[in-house]
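Colleague: Handing over run.cif, mmCIF, C-alpha atoms.
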```cif
data_structure
#
loop_
_atom_site.group_PDB
_atom_site.id
_atom_site.type_symbol
_atom_site.label_atom_id
_atom_site.label_comp_id
_atom_site.auth_asym_id
_atom_site.auth_seq_id
_atom_site.Cartn_x
_atom_site.Cartn_y
_atom_site.Cartn_z
ATOM 1 C CA MET W 29 58.745 138.123 106.150
ATOM 2 C CA LYS W 30 59.072 139.911 102.793
ATOM 3 C CA LYS W 31 59.790 136.599 101.014
ATOM 4 C CA LEU W 32 56.771 134.995 102.667
ATOM 5 C CA LEU W 33 54.526 137.873 101.560
ATOM 6 C CA LEU W 34 55.812 137.679 97.982
ATOM 7 C CA SER W 35 55.249 133.916 97.968
ATOM 8 C CA CYS W 36 51.667 134.337 99.140
ATOM 9 C CA LEU W 37 50.999 137.026 96.533
ATOM 10 C CA ALA W 38 52.461 134.778 93.821
ATOM 11 C CA GLY W 39 50.192 131.940 94.916
ATOM 12 C CA LEU W 40 47.129 134.171 94.805
ATOM 13 C CA ALA W 41 48.107 135.437 91.372
ATOM 14 C CA ALA W 42 48.580 131.905 90.095
ATOM 15 C CA GLY W 43 45.175 130.873 91.433
ATOM 16 C CA GLY W 44 43.555 133.857 89.758
ATOM 17 C CA ALA W 45 45.289 133.061 86.499
ATOM 18 C CA TRP W 46 43.561 129.675 86.399
ATOM 19 C CA ALA W 47 40.168 130.892 87.579
ATOM 20 C CA GLU W 48 38.771 130.828 84.033
ATOM 21 C CA TYR W 49 40.085 127.361 83.176
ATOM 22 C CA PRO W 50 39.161 125.845 80.798
ATOM 23 C CA GLU W 51 39.197 128.482 78.064
ATOM 24 C CA LYS W 52 39.697 126.140 75.110
ATOM 25 C CA PRO W 53 39.154 122.473 74.167
ATOM 26 C CA ILE W 54 40.939 119.839 76.238
ATOM 27 C CA ASN W 55 42.836 116.961 74.637
ATOM 28 C CA LEU W 56 42.194 113.607 76.291
ATOM 29 C CA VAL W 57 44.917 111.244 75.132
ATOM 30 C CA VAL W 58 43.961 107.576 74.798
ATOM 31 C CA PRO W 59 47.158 105.515 74.417
ATOM 32 C CA PHE W 60 45.444 102.902 72.243
ATOM 33 C CA SER W 61 43.789 102.758 68.841
ATOM 34 C CA ALA W 62 40.307 104.092 68.121
ATOM 35 C CA GLY W 63 37.459 101.630 68.509
ATOM 36 C CA GLY W 64 39.072 99.621 71.293
ATOM 37 C CA PRO W 65 37.646 99.191 74.813
ATOM 38 C CA THR W 66 39.653 102.017 76.407
ATOM 39 C CA ASP W 67 38.669 104.325 73.559
ATOM 40 C CA LYS W 68 35.001 103.522 74.211
ATOM 41 C CA VAL W 69 35.368 104.431 77.881
ATOM 42 C CA ALA W 70 37.142 107.667 76.953
ATOM 43 C CA ARG W 71 34.438 108.762 74.533
ATOM 44 C CA ASP W 72 31.693 108.051 77.062
ATOM 45 C CA LEU W 73 33.605 109.993 79.697
ATOM 46 C CA ALA W 74 34.327 112.910 77.363
ATOM 47 C CA GLU W 75 30.611 113.397 76.772
ATOM 48 C CA ALA W 76 29.844 113.202 80.499
ATOM 49 C CA LEU W 77 32.628 115.697 81.324
ATOM 50 C CA ARG W 78 31.609 118.285 78.743
ATOM 51 C CA LYS W 79 28.929 119.948 80.856
ATOM 52 C CA PRO W 80 30.487 119.985 84.356
ATOM 53 C CA LEU W 81 33.862 121.037 83.004
ATOM 54 C CA GLY W 82 32.407 123.555 80.552
ATOM 55 C CA ALA W 83 34.657 122.567 77.667
ATOM 56 C CA THR W 84 34.846 120.358 74.602
ATOM 57 C CA ILE W 85 36.905 117.209 75.166
ATOM 58 C CA VAL W 86 38.816 116.057 72.090
ATOM 59 C CA ILE W 87 39.924 112.425 72.012
ATOM 60 C CA GLU W 88 43.451 111.892 70.685
ATOM 61 C CA ASN W 89 44.404 108.270 70.012
ATOM 62 C CA ILE W 90 48.140 107.593 70.241
ATOM 63 C CA GLY W 91 48.603 103.831 70.115
ATOM 64 C CA GLY W 92 51.775 101.811 70.290
ATOM 65 C CA ALA W 93 54.197 100.212 72.752
ATOM 66 C CA GLY W 94 51.474 99.001 75.085
ATOM 67 C CA GLY W 95 50.221 102.493 75.835
ATOM 68 C CA THR W 96 53.605 103.986 76.695
ATOM 69 C CA LEU W 97 53.781 106.263 73.633
ATOM 70 C CA GLY W 98 50.593 108.099 74.553
ATOM 71 C CA ALA W 99 51.561 108.237 78.219
ATOM 72 C CA THR W 100 54.952 109.676 77.274
ATOM 73 C CA LYS W 101 53.306 112.475 75.299
ATOM 74 C CA VAL W 102 51.210 113.485 78.297
ATOM 75 C CA ALA W 103 54.148 113.263 80.699
ATOM 76 C CA ARG W 104 56.037 115.702 78.453
ATOM 77 C CA ALA W 105 53.078 118.006 77.726
ATOM 78 C CA ALA W 106 52.698 121.502 79.141
ATOM 79 C CA PRO W 107 51.239 121.201 82.673
ATOM 80 C CA ASP W 108 48.333 123.516 81.937
ATOM 81 C CA GLY W 109 45.369 121.131 82.107
ATOM 82 C CA TYR W 110 44.772 121.048 78.361
ATOM 83 C CA THR W 111 46.429 117.651 77.807
ATOM 84 C CA LEU W 112 45.143 114.795 79.942
ATOM 85 C CA LEU W 113 45.591 111.022 79.855
ATOM 86 C CA LEU W 114 43.034 108.264 80.223
ATOM 87 C CA HIS W 115 44.877 104.999 80.797
ATOM 88 C CA HIS W 116 43.979 101.533 81.997
ATOM 89 C CA ILE W 117 45.822 98.956 84.080
ATOM 90 C CA GLY W 118 48.794 99.356 81.735
ATOM 91 C CA MET W 119 49.732 102.376 83.813
ATOM 92 C CA ALA W 120 50.749 99.914 86.537
ATOM 93 C CA THR W 121 52.077 97.034 84.424
ATOM 94 C CA SER W 122 54.300 98.915 81.955
ATOM 95 C CA PRO W 123 57.196 99.354 84.425
ATOM 96 C CA ALA W 124 57.471 95.559 84.694
ATOM 97 C CA LEU W 125 56.936 94.897 80.974
ATOM 98 C CA TYR W 126 59.339 97.483 79.573
ATOM 99 C CA ARG W 127 63.003 97.546 80.463
ATOM 100 C CA THR W 128 63.199 101.262 79.656
ATOM 101 C CA MET W 129 60.477 103.919 79.579
ATOM 102 C CA GLN W 130 60.487 107.641 78.878
ATOM 103 C CA TYR W 131 58.568 108.504 82.043
ATOM 104 C CA LYS W 132 58.268 107.491 85.697
ATOM 105 C CA THR W 133 54.785 106.268 86.551
ATOM 106 C CA LEU W 134 54.636 107.553 90.113
ATOM 107 C CA GLU W 135 56.618 110.745 89.584
ATOM 108 C CA ASP W 136 55.672 112.287 86.231
ATOM 109 C CA PHE W 137 51.885 112.573 86.576
ATOM 110 C CA GLU W 138 49.235 114.142 88.727
ATOM 111 C CA TYR W 139 46.653 111.504 89.699
ATOM 112 C CA LEU W 140 43.104 112.805 89.262
ATOM 113 C CA GLY W 141 40.932 109.813 90.074
ATOM 114 C CA LEU W 142 39.912 106.291 89.148
ATOM 115 C CA ILE W 143 36.834 105.986 86.901
ATOM 116 C CA ASN W 144 35.723 102.404 86.527
ATOM 117 C CA GLU W 145 36.657 98.758 86.714
ATOM 118 C CA VAL W 146 35.971 96.473 83.781
ATOM 119 C CA PRO W 147 35.908 92.673 84.151
ATOM 120 C CA MET W 148 37.235 90.414 81.419
ATOM 121 C CA THR W 149 35.551 87.612 79.498
ATOM 122 C CA LEU W 150 37.111 84.412 78.243
ATOM 123 C CA ILE W 151 35.856 83.933 74.679
ATOM 124 C CA GLY W 152 36.530 81.562 71.814
ATOM 125 C CA LYS W 153 36.170 81.430 68.053
ATOM 126 C CA PRO W 154 32.637 80.646 66.811
ATOM 127 C CA THR W 155 33.625 77.231 65.429
ATOM 128 C CA LEU W 156 35.132 76.005 68.692
ATOM 129 C CA PRO W 157 33.320 72.760 69.608
ATOM 130 C CA ALA W 158 33.193 73.607 73.334
ATOM 131 C CA ASN W 159 29.944 75.275 74.442
ATOM 132 C CA ASN W 160 30.777 75.731 78.133
ATOM 133 C CA TYR W 161 33.878 75.836 80.314
ATOM 134 C CA ALA W 162 33.818 72.134 81.208
ATOM 135 C CA GLU W 163 33.805 71.266 77.512
ATOM 136 C CA LEU W 164 36.548 73.849 76.923
ATOM 137 C CA VAL W 165 38.806 72.141 79.471
ATOM 138 C CA LYS W 166 38.366 68.810 77.651
ATOM 139 C CA TRP W 167 39.106 70.498 74.323
ATOM 140 C CA MET W 168 42.234 72.187 75.703
ATOM 141 C CA ASP W 169 43.489 68.890 77.176
ATOM 142 C CA ALA W 170 43.014 67.219 73.801
ATOM 143 C CA ASN W 171 44.758 70.024 71.923
ATOM 144 C CA LYS W 172 47.795 70.784 74.077
ATOM 145 C CA GLY W 173 50.530 72.472 72.090
ATOM 146 C CA LYS W 174 48.108 73.535 69.348
ATOM 147 C CA ILE W 175 46.074 76.269 71.079
ATOM 148 C CA ASN W 176 46.411 79.881 69.903
ATOM 149 C CA LEU W 177 45.630 82.659 72.394
ATOM 150 C CA ALA W 178 45.180 86.122 70.878
ATOM 151 C CA ASN W 179 45.873 89.454 72.533
ATOM 152 C CA ALA W 180 45.950 93.102 71.533
ATOM 153 C CA GLY W 181 49.700 93.468 72.034
ATOM 154 C CA LEU W 182 52.269 93.465 74.817
ATOM 155 C CA GLY W 183 50.847 95.155 77.893
ATOM 156 C CA ALA W 184 47.262 95.169 76.646
ATOM 157 C CA ALA W 185 44.500 94.054 78.991
ATOM 158 C CA SER W 186 43.995 90.919 76.899
ATOM 159 C CA HIS W 187 47.714 90.118 77.194
ATOM 160 C CA LEU W 188 47.659 90.397 80.992
ATOM 161 C CA CYS W 189 44.518 88.304 81.336
ATOM 162 C CA GLY W 190 45.999 85.715 78.985
ATOM 163 C CA LEU W 191 49.163 85.466 81.083
ATOM 164 C CA LEU W 192 47.114 84.862 84.207
ATOM 165 C CA PHE W 193 44.914 82.308 82.426
ATOM 166 C CA GLN W 194 47.932 80.292 81.266
ATOM 167 C CA SER W 195 49.650 80.423 84.666
ATOM 168 C CA THR W 196 46.453 79.407 86.478
ATOM 169 C CA THR W 197 45.471 76.531 84.165
ATOM 170 C CA LYS W 198 49.097 75.370 83.691
ATOM 171 C CA ILE W 199 48.329 74.896 79.988
ATOM 172 C CA GLU W 200 50.865 76.306 77.575
ATOM 173 C CA MET W 201 49.439 78.149 74.593
ATOM 174 C CA THR W 202 50.889 79.957 71.628
ATOM 175 C CA THR W 203 50.437 83.661 72.288
ATOM 176 C CA VAL W 204 49.510 85.651 69.181
ATOM 177 C CA PRO W 205 49.946 89.416 69.692
ATOM 178 C CA TYR W 206 48.171 91.926 67.452
ATOM 179 C CA LYS W 207 48.432 95.672 66.983
ATOM 180 C CA GLY W 208 45.211 96.448 68.782
ATOM 181 C CA THR W 209 41.991 94.821 69.911
ATOM 182 C CA GLY W 210 40.258 95.306 66.539
ATOM 183 C CA PRO W 211 42.516 93.042 64.459
ATOM 184 C CA ALA W 212 42.710 90.463 67.278
ATOM 185 C CA MET W 213 38.914 90.255 67.417
ATOM 186 C CA THR W 214 38.687 90.086 63.620
ATOM 187 C CA ASP W 215 40.925 87.025 63.510
ATOM 188 C CA LEU W 216 39.064 85.399 66.393
ATOM 189 C CA LEU W 217 35.765 85.884 64.552
ATOM 190 C CA GLY W 218 37.357 84.441 61.435
ATOM 191 C CA GLY W 219 38.704 81.412 63.272
ATOM 192 C CA GLN W 220 42.403 82.186 62.728
ATOM 193 C CA VAL W 221 42.967 82.034 66.507
ATOM 194 C CA ASP W 222 41.215 79.988 69.179
ATOM 195 C CA LEU W 223 40.812 82.016 72.364
ATOM 196 C CA MET W 224 41.052 85.515 73.773
ATOM 197 C CA CYS W 225 40.498 87.065 77.172
ATOM 198 C CA ASP W 226 39.278 90.633 76.740
ATOM 199 C CA GLN W 227 37.304 93.389 78.425
ATOM 200 C CA THR W 228 33.516 93.231 78.581
ATOM 201 C CA THR W 229 33.456 96.671 76.934
ATOM 202 C CA ASN W 230 34.776 94.997 73.801
ATOM 203 C CA THR W 231 33.131 91.573 73.940
ATOM 204 C CA THR W 232 29.548 92.057 75.130
ATOM 205 C CA GLN W 233 28.134 92.855 71.688
ATOM 206 C CA GLN W 234 29.985 89.933 70.077
ATOM 207 C CA ILE W 235 28.667 87.581 72.762
ATOM 208 C CA ASP W 236 25.132 88.938 72.438
ATOM 209 C CA THR W 237 25.068 88.409 68.672
ATOM 210 C CA GLY W 238 26.523 84.908 68.950
ATOM 211 C CA LYS W 239 29.645 85.759 66.967
ATOM 212 C CA VAL W 240 31.921 84.251 69.634
ATOM 213 C CA LYS W 241 31.674 81.493 72.228
ATOM 214 C CA ALA W 242 31.759 82.828 75.807
ATOM 215 C CA TYR W 243 32.917 80.768 78.787
ATOM 216 C CA ALA W 244 33.383 82.869 81.932
ATOM 217 C CA VAL W 245 33.910 86.333 83.416
ATOM 218 C CA THR W 246 36.791 87.389 85.665
ATOM 219 C CA SER W 247 34.699 89.308 88.207
ATOM 220 C CA ALA W 248 34.376 88.175 91.840
ATOM 221 C CA LYS W 249 30.646 87.646 91.364
ATOM 222 C CA ARG W 250 28.317 87.281 88.397
ATOM 223 C CA LEU W 251 27.631 90.410 86.405
ATOM 224 C CA ALA W 252 24.263 92.032 85.836
ATOM 225 C CA GLY W 253 22.603 92.529 82.467
ATOM 226 C CA PRO W 254 20.839 90.319 79.942
ATOM 227 C CA VAL W 255 24.032 89.121 78.243
ATOM 228 C CA LEU W 256 26.759 88.763 80.855
ATOM 229 C CA SER W 257 24.587 87.498 83.728
ATOM 230 C CA LYS W 258 24.438 84.123 81.982
ATOM 231 C CA LEU W 259 28.192 83.592 82.315
ATOM 232 C CA PRO W 260 29.788 81.927 85.368
ATOM 233 C CA THR W 261 32.773 83.500 87.104
ATOM 234 C CA MET W 262 36.238 82.000 86.828
ATOM 235 C CA GLU W 263 35.888 81.032 90.495
ATOM 236 C CA GLU W 264 32.693 79.114 89.716
ATOM 237 C CA VAL W 265 34.355 77.058 86.988
ATOM 238 C CA GLY W 266 37.182 76.091 89.308
ATOM 239 C CA LEU W 267 39.910 78.712 88.795
ATOM 240 C CA LYS W 268 40.288 79.867 92.393
ATOM 241 C CA GLY W 269 41.590 83.385 92.903
ATOM 242 C CA PHE W 270 41.176 84.283 89.229
ATOM 243 C CA THR W 271 39.736 87.780 89.404
ATOM 244 C CA VAL W 272 40.865 90.506 87.034
ATOM 245 C CA ALA W 273 39.468 94.004 86.691
ATOM 246 C CA ILE W 274 40.814 96.394 84.097
ATOM 247 C CA TRP W 275 40.506 99.819 85.664
ATOM 248 C CA HIS W 276 40.751 103.244 84.046
ATOM 249 C CA GLY W 277 42.032 106.461 85.554
ATOM 250 C CA VAL W 278 42.676 110.067 84.526
ATOM 251 C CA TYR W 279 46.054 111.807 84.779
ATOM 252 C CA ALA W 280 47.619 115.212 84.109
ATOM 253 C CA PRO W 281 51.278 116.139 83.582
ATOM 254 C CA LYS W 282 53.284 116.671 86.753
ATOM 255 C CA GLY W 283 53.173 120.289 87.862
ATOM 256 C CA THR W 284 49.640 121.002 86.678
ATOM 257 C CA PRO W 285 48.353 123.800 88.963
ATOM 258 C CA LYS W 286 46.370 122.617 91.976
ATOM 259 C CA ALA W 287 43.462 124.860 91.000
ATOM 260 C CA VAL W 288 43.234 123.119 87.638
ATOM 261 C CA GLN W 289 43.543 119.669 89.183
ATOM 262 C CA ASP W 290 40.726 120.501 91.577
ATOM 263 C CA LYS W 291 38.431 121.621 88.742
ATOM 264 C CA ILE W 292 39.053 118.468 86.753
ATOM 265 C CA ALA W 293 38.648 116.228 89.801
ATOM 266 C CA ALA W 294 35.361 117.907 90.752
ATOM 267 C CA ALA W 295 34.076 117.533 87.175
ATOM 268 C CA LEU W 296 35.040 113.846 87.195
ATOM 269 C CA LYS W 297 32.964 113.216 90.304
ATOM 270 C CA VAL W 298 29.947 114.819 88.612
ATOM 271 C CA ALA W 299 30.533 112.876 85.384
ATOM 272 C CA LEU W 300 30.664 109.546 87.223
ATOM 273 C CA LYS W 301 27.124 110.170 88.470
ATOM 274 C CA ASP W 302 25.764 111.168 85.056
ATOM 275 C CA PRO W 303 22.833 108.772 84.386
ATOM 276 C CA ASP W 304 23.648 108.351 80.703
ATOM 277 C CA PHE W 305 27.309 107.632 81.417
ATOM 278 C CA VAL W 306 26.438 105.126 84.129
ATOM 279 C CA LYS W 307 23.907 103.408 81.865
ATOM 280 C CA ARG W 308 26.363 103.107 78.963
ATOM 281 C CA GLU W 309 29.115 101.744 81.190
ATOM 282 C CA GLU W 310 26.907 99.247 83.002
ATOM 283 C CA ALA W 311 25.570 97.947 79.686
ATOM 284 C CA LEU W 312 29.164 96.997 78.863
ATOM 285 C CA GLY W 313 29.775 95.325 82.212
ATOM 286 C CA ALA W 314 31.836 98.172 83.653
ATOM 287 C CA VAL W 315 31.476 99.104 87.320
ATOM 288 C CA ILE W 316 31.706 102.812 88.195
ATOM 289 C CA VAL W 317 34.149 103.547 91.016
ATOM 290 C CA THR W 318 32.421 105.096 94.027
ATOM 291 C CA ASP W 319 34.979 104.485 96.791
ATOM 292 C CA LYS W 320 37.879 106.645 97.969
ATOM 293 C CA ARG W 321 39.920 105.850 94.842
ATOM 294 C CA ILE W 322 38.003 108.569 92.992
ATOM 295 C CA ASN W 323 40.349 110.932 94.855
ATOM 296 C CA GLY W 324 43.840 111.570 93.513
ATOM 297 C CA PRO W 325 45.949 110.455 96.508
ATOM 298 C CA GLU W 326 44.054 107.167 96.912
ATOM 299 C CA HIS W 327 44.146 106.609 93.152
ATOM 300 C CA LYS W 328 47.938 106.862 93.307
ATOM 301 C CA LYS W 329 48.191 104.435 96.249
ATOM 302 C CA PHE W 330 46.050 101.958 94.331
ATOM 303 C CA VAL W 331 48.258 102.160 91.225
ATOM 304 C CA GLU W 332 51.362 101.610 93.337
ATOM 305 C CA ALA W 333 49.808 98.457 94.843
ATOM 306 C CA GLU W 334 48.840 97.211 91.369
ATOM 307 C CA MET W 335 52.419 97.714 90.186
ATOM 308 C CA ILE W 336 53.618 95.332 92.894
ATOM 309 C CA LYS W 337 50.881 92.760 92.182
ATOM 310 C CA TRP W 338 51.345 92.523 88.421
ATOM 311 C CA SER W 339 55.128 92.694 88.526
ATOM 312 C CA ALA W 340 55.151 89.216 90.085
ATOM 313 C CA VAL W 341 52.850 87.790 87.369
ATOM 314 C CA ILE W 342 54.856 89.324 84.525
ATOM 315 C CA LYS W 343 58.236 88.278 85.910
ATOM 316 C CA ALA W 344 56.994 84.709 86.378
ATOM 317 C CA ALA W 345 55.901 84.615 82.720
ATOM 318 C CA GLY W 346 59.208 86.106 81.579
ATOM 319 C CA GLN W 347 57.547 88.239 78.889
ATOM 320 C CA TYR W 348 59.227 91.600 78.429
ATOM 321 C CA ALA W 349 59.530 94.188 75.703
ATOM 322 C CA ASP W 350 62.927 94.968 74.235
#
```
Take the structure from the file and write it as structure tokens.
Modeller:
Amino acid sequence: MKKLLLSCLAGLAAGGAWAEYPEKPINLVVPFSAGGPTDKVARDLAEALRKPLGATIVIENIGGAGGTLGATKVARAAPDGYTLLLHHIGMATSPALYRTMQYKTLEDFEYLGLINEVPMTLIGKPTLPANNYAELVKWMDANKGKINLANAGLGAASHLCGLLFQSTTKIEMTTVPYKGTGPAMTDLLGGQVDLMCDQTTNTTQQIDTGKVKAYAVTSAKRLAGPVLSKLPTMEEVGLKGFTVAIWHGVYAPKGTPKAVQDKIAAALKVALKDPDFVKREEALGAVIVTDKRINGPEHKKFVEAEMIKWSAVIKAAGQYAD
């Protein structure tokens, strides 16, 4: 009985200790370079979180190794709520891509909620002669063995979408990995590579200004908005079952106090309804998550299912990191 009483008192004391959280700025680690699509989502979210959480959110970009370097830092950080992670689908695909990692995806983090889902767009260099997907198919057939497909590096969203595109079309392409979305897009604009499949958050402006050719989106149905609504889905152009959404979620180090997790989770729910945040995300083709995956336990179940799904795609392609 005495041990039970002491345990209860300790729990109450711990809860009281975190009652004033947050008392200082919070670091939100983005495991990719600044200016990329995940960074854009993080900066929009940081602004929307500032008021409901009552703290400044500082973005810390730690790129490299397909997002695993930044994720490792958060997994090893003090579990006090002042170091958080915003990661995309790479959270689920890294275990299949990397033979060794410094953290365990399902064991070393607290899952705080899914934020959004971002479709992909299949785009081409501005000088590509194909102006629609039917013309692209003819061009690809005529240029087999000479097509270059850019991506932002092993494990990046563009890499995953590219793998699925090659496996679905049965057309082999030369994969050209870059150290980030920025340099990959630069070379696509300059005509050094032919195609890329990347998130709408990174391609909408380039499509709108006519700097790239756009062929299709990977959503289940056509997207809204003046730019993306003009594009057919992959299903419409004949690639059955080709739907890809790059989701983003928020995580804390394992062992972060429940009281702190609850405060962050509650603030996230408020942020996802912020009109300015919603408007900015929708303008980029992102869909705000409103279902049960905004809750930590369901978020974790979803990631586990995604790990199983993408493991099969990656193993079939045989592309792994050392």
Colleague: Expanded to explicit residues, what is the PyMOL selection byres ((chain W and resi 251) around 12) for this file, as an MDAnalysis selection string?
Modeller: chainID W and resid 146:149 228 232 244:250 252:261 310:315
Colleague: Run the PyMOL selection byres ((chain W and resi 168-172) around 12) against the file shown and list the residues it catches, as a short mmCIF file (atom, residue, chain, number, x, y, z; two decimals) with C-alpha atoms, in the frame of the given file.
Modeller:
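This is the output file part34.cif:
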```cif
data_model
loop_
_atom_site.label_atom_id
_atom_site.label_comp_id
_atom_site.auth_asym_id
_atom_site.auth_seq_id
_atom_site.Cartn_x
_atom_site.Cartn_y
_atom_site.Cartn_z
CA GLY W 152 36.53 81.56 71.81
CA LEU W 156 35.13 76.00 68.69
CA PRO W 157 33.32 72.76 69.61
CA ALA W 158 33.19 73.61 73.33
CA TYR W 161 33.88 75.84 80.31
CA ALA W 162 33.82 72.13 81.21
CA GLU W 163 33.80 71.27 77.51
CA LEU W 164 36.55 73.85 76.92
CA VAL W 165 38.81 72.14 79.47
CA LYS W 166 38.37 68.81 77.65
CA TRP W 167 39.11 70.50 74.32
CA GLY W 173 50.53 72.47 72.09
CA LYS W 174 48.11 73.54 69.35
CA ILE W 175 46.07 76.27 71.08
CA ASN W 176 46.41 79.88 69.90
CA LEU W 177 45.63 82.66 72.39
CA GLN W 194 47.93 80.29 81.27
CA THR W 197 45.47 76.53 84.16
CA LYS W 198 49.10 75.37 83.69
CA ILE W 199 48.33 74.90 79.99
CA GLU W 200 50.86 76.31 77.58
CA MET W 201 49.44 78.15 74.59
CA THR W 202 50.89 79.96 71.63
CA ASP W 222 41.22 79.99 69.18
CA LEU W 223 40.81 82.02 72.36
#
```
Colleague: Would you write out, as a tab-separated table, a table of all residues in stretch 315-336 of chain W that have an atom no more than 7 Å from an atom of stretch 126-141 of chain W, listing for each the closest atom pair and the distance in Å to one decimal, considering all atoms listed in the file and ordering rows by chain and rising residue number?
Modeller:
```
residue	atom	partner	partner_atom	distance
W:Arg321	CA	W:Gly141	CA	6.3
W:Ile322	CA	W:Gly141	CA	4.3
W:Asn323	CA	W:Gly141	CA	4.9
W:Gly324	CA	W:Leu140	CA	4.5
W:Pro325	CA	W:Tyr139	CA	6.9
W:His327	CA	W:Gly141	CA	5.5
W:Lys328	CA	W:Tyr139	CA	6.0
```
Colleague: Determine the residue membership of the PyMOL selection byres ((chain W and resi 284) around 9) for the file above and supply it as a list of chain:residue names.
Modeller: W:Ala106, W:Pro107, W:Asp108, W:Gly109, W:Phe137, W:Glu138, W:Ala280, W:Pro281, W:Lys282, W:Gly283, W:Pro285, W:Lys286, W:Ala287, W:Val288, W:Gln289
Colleague: For W:Ala340, find every residue with an atom within 12 Å (counting all atoms listed in the file), except residues of its own chain fewer than 6 positions away, and show them as a ChimeraX atom specification.
Modeller: /W:121,123-125,188,191-192,195,333-334,346-347
Colleague: In terms of the shortest atom-to-atom distance over only C-alpha atoms, which of W:Asp72, W:Glu48, W:Asp67, W:Glu332 is closest to W:Ala299?
Modeller: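 Smallest distance to W:Ala299 is found for W:Asp72.
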Colleague: What lies within 7 Å of W:Asn179 using only C-alpha atoms, ignoring chain neighbours under 5 positions off, as a list in words?
Modeller: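 Final neighbour list, sorted by chain and number: Ser186, His187, Val204, Pro205, Tyr206, Ala212 and Met224 of chain W.
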Colleague: Using all atoms listed in the file, which of the listed residues (W:Ala273, W:Val86, W:Ile342, W:Ala294) sits closest to W:Gly183?
Modeller: W:Ile342
Colleague: With only C-alpha atoms as the basis for distance, which of W:Ala70, W:Ala76, W:Met335, W:Ile85 is at the shortest distance from W:Pro53?
Modeller: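 Of the candidates, the smallest distance to W:Pro53 is held by W:Ile85.
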Colleague: Give me, please, the distance in Å between atom CA of W:Arg104 and atom CA of W:Ile143, quoted to one decimal.
Modeller: 23.1 Å
Colleague: Restricting the calculation to all atoms listed in the file, which member of W:Ile87, W:Met213, W:Met119, W:Val265 is positioned closest to W:Glu75?
Modeller: W:Ile87
Colleague: Counting all atoms listed in the file, what is within 8 Å of W:Trp275, bar same-chain residues fewer than 3 positions away, as a PyMOL selection string?
Modeller: chain W and resi 116-117+142-146
Colleague: What would the list of residues within 9 Å of (50.3, 106.6, 78.7) (file frame) look like as a PyMOL selection string, if all atoms listed in the file are what count?
Modeller: chain W and resi 57-60+90+94-103+113-116+118-119
Colleague: Just how far from atom CA of W:Phe305 is atom CA of W:Val69, in Å to one decimal?
Modeller: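 Straight-line distance from atom CA of W:Val69 to atom CA of W:Phe305 works out to 9.4 Å.
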Colleague: So what do you get for atom CA of W:Val317 versus atom CA of W:Val341, distance-wise?
Modeller: 24.7 Å
Colleague: Considering all atoms listed in the file, state which residue in the set W:Lys337, W:Pro65, W:Ala184, W:Pro80 is at the smallest distance from W:Ala295.
Modeller: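 Using all atoms listed in the file, W:Ala295 sits closest to W:Pro80.
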Colleague: Which residues come within 9 Å of W:Gly82, counting all atoms listed in the file, excluding same-chain residues fewer than 4 positions away, as a VMD selection string?
Modeller: chain W and resid 49 to 51 77 to 78
Colleague: Rebuild stretch 101-111 of chain W to N, CA and C atoms - output it as a short mmCIF file (atom, residue, chain, number, x, y, z; two decimals), keeping the file's coordinate frame, please.
Modeller:
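To be explicit, this is the file written out as rebuild37.cif:
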```cif
data_model
loop_
_atom_site.label_atom_id
_atom_site.label_comp_id
_atom_site.auth_asym_id
_atom_site.auth_seq_id
_atom_site.Cartn_x
_atom_site.Cartn_y
_atom_site.Cartn_z
N LYS W 101 53.70 111.16 75.81
CA LYS W 101 53.31 112.48 75.30
C LYS W 101 52.69 113.32 76.41
N VAL W 102 51.85 112.72 77.22
CA VAL W 102 51.21 113.48 78.30
C VAL W 102 52.22 113.86 79.37
N ALA W 103 53.12 112.96 79.69
CA ALA W 103 54.15 113.26 80.70
C ALA W 103 55.00 114.45 80.27
N ARG W 104 55.20 114.61 78.97
CA ARG W 104 56.04 115.70 78.45
C ARG W 104 55.24 116.95 78.06
N ALA W 105 53.92 116.88 78.14
CA ALA W 105 53.08 118.01 77.73
C ALA W 105 53.15 119.16 78.73
N ALA W 106 52.76 120.33 78.26
CA ALA W 106 52.70 121.50 79.14
C ALA W 106 51.72 121.21 80.29
N PRO W 107 52.11 121.49 81.52
CA PRO W 107 51.24 121.20 82.67
C PRO W 107 50.18 122.29 82.88
N ASP W 108 49.32 122.43 81.88
CA ASP W 108 48.33 123.52 81.94
C ASP W 108 46.89 123.01 81.97
N GLY W 109 46.71 121.69 82.03
CA GLY W 109 45.37 121.13 82.11
C GLY W 109 44.70 120.90 80.77
N TYR W 110 45.39 121.21 79.68
CA TYR W 110 44.77 121.05 78.36
C TYR W 110 45.21 119.76 77.65
N THR W 111 46.07 118.98 78.31
CA THR W 111 46.43 117.65 77.81
C THR W 111 46.33 116.69 78.98
#
```
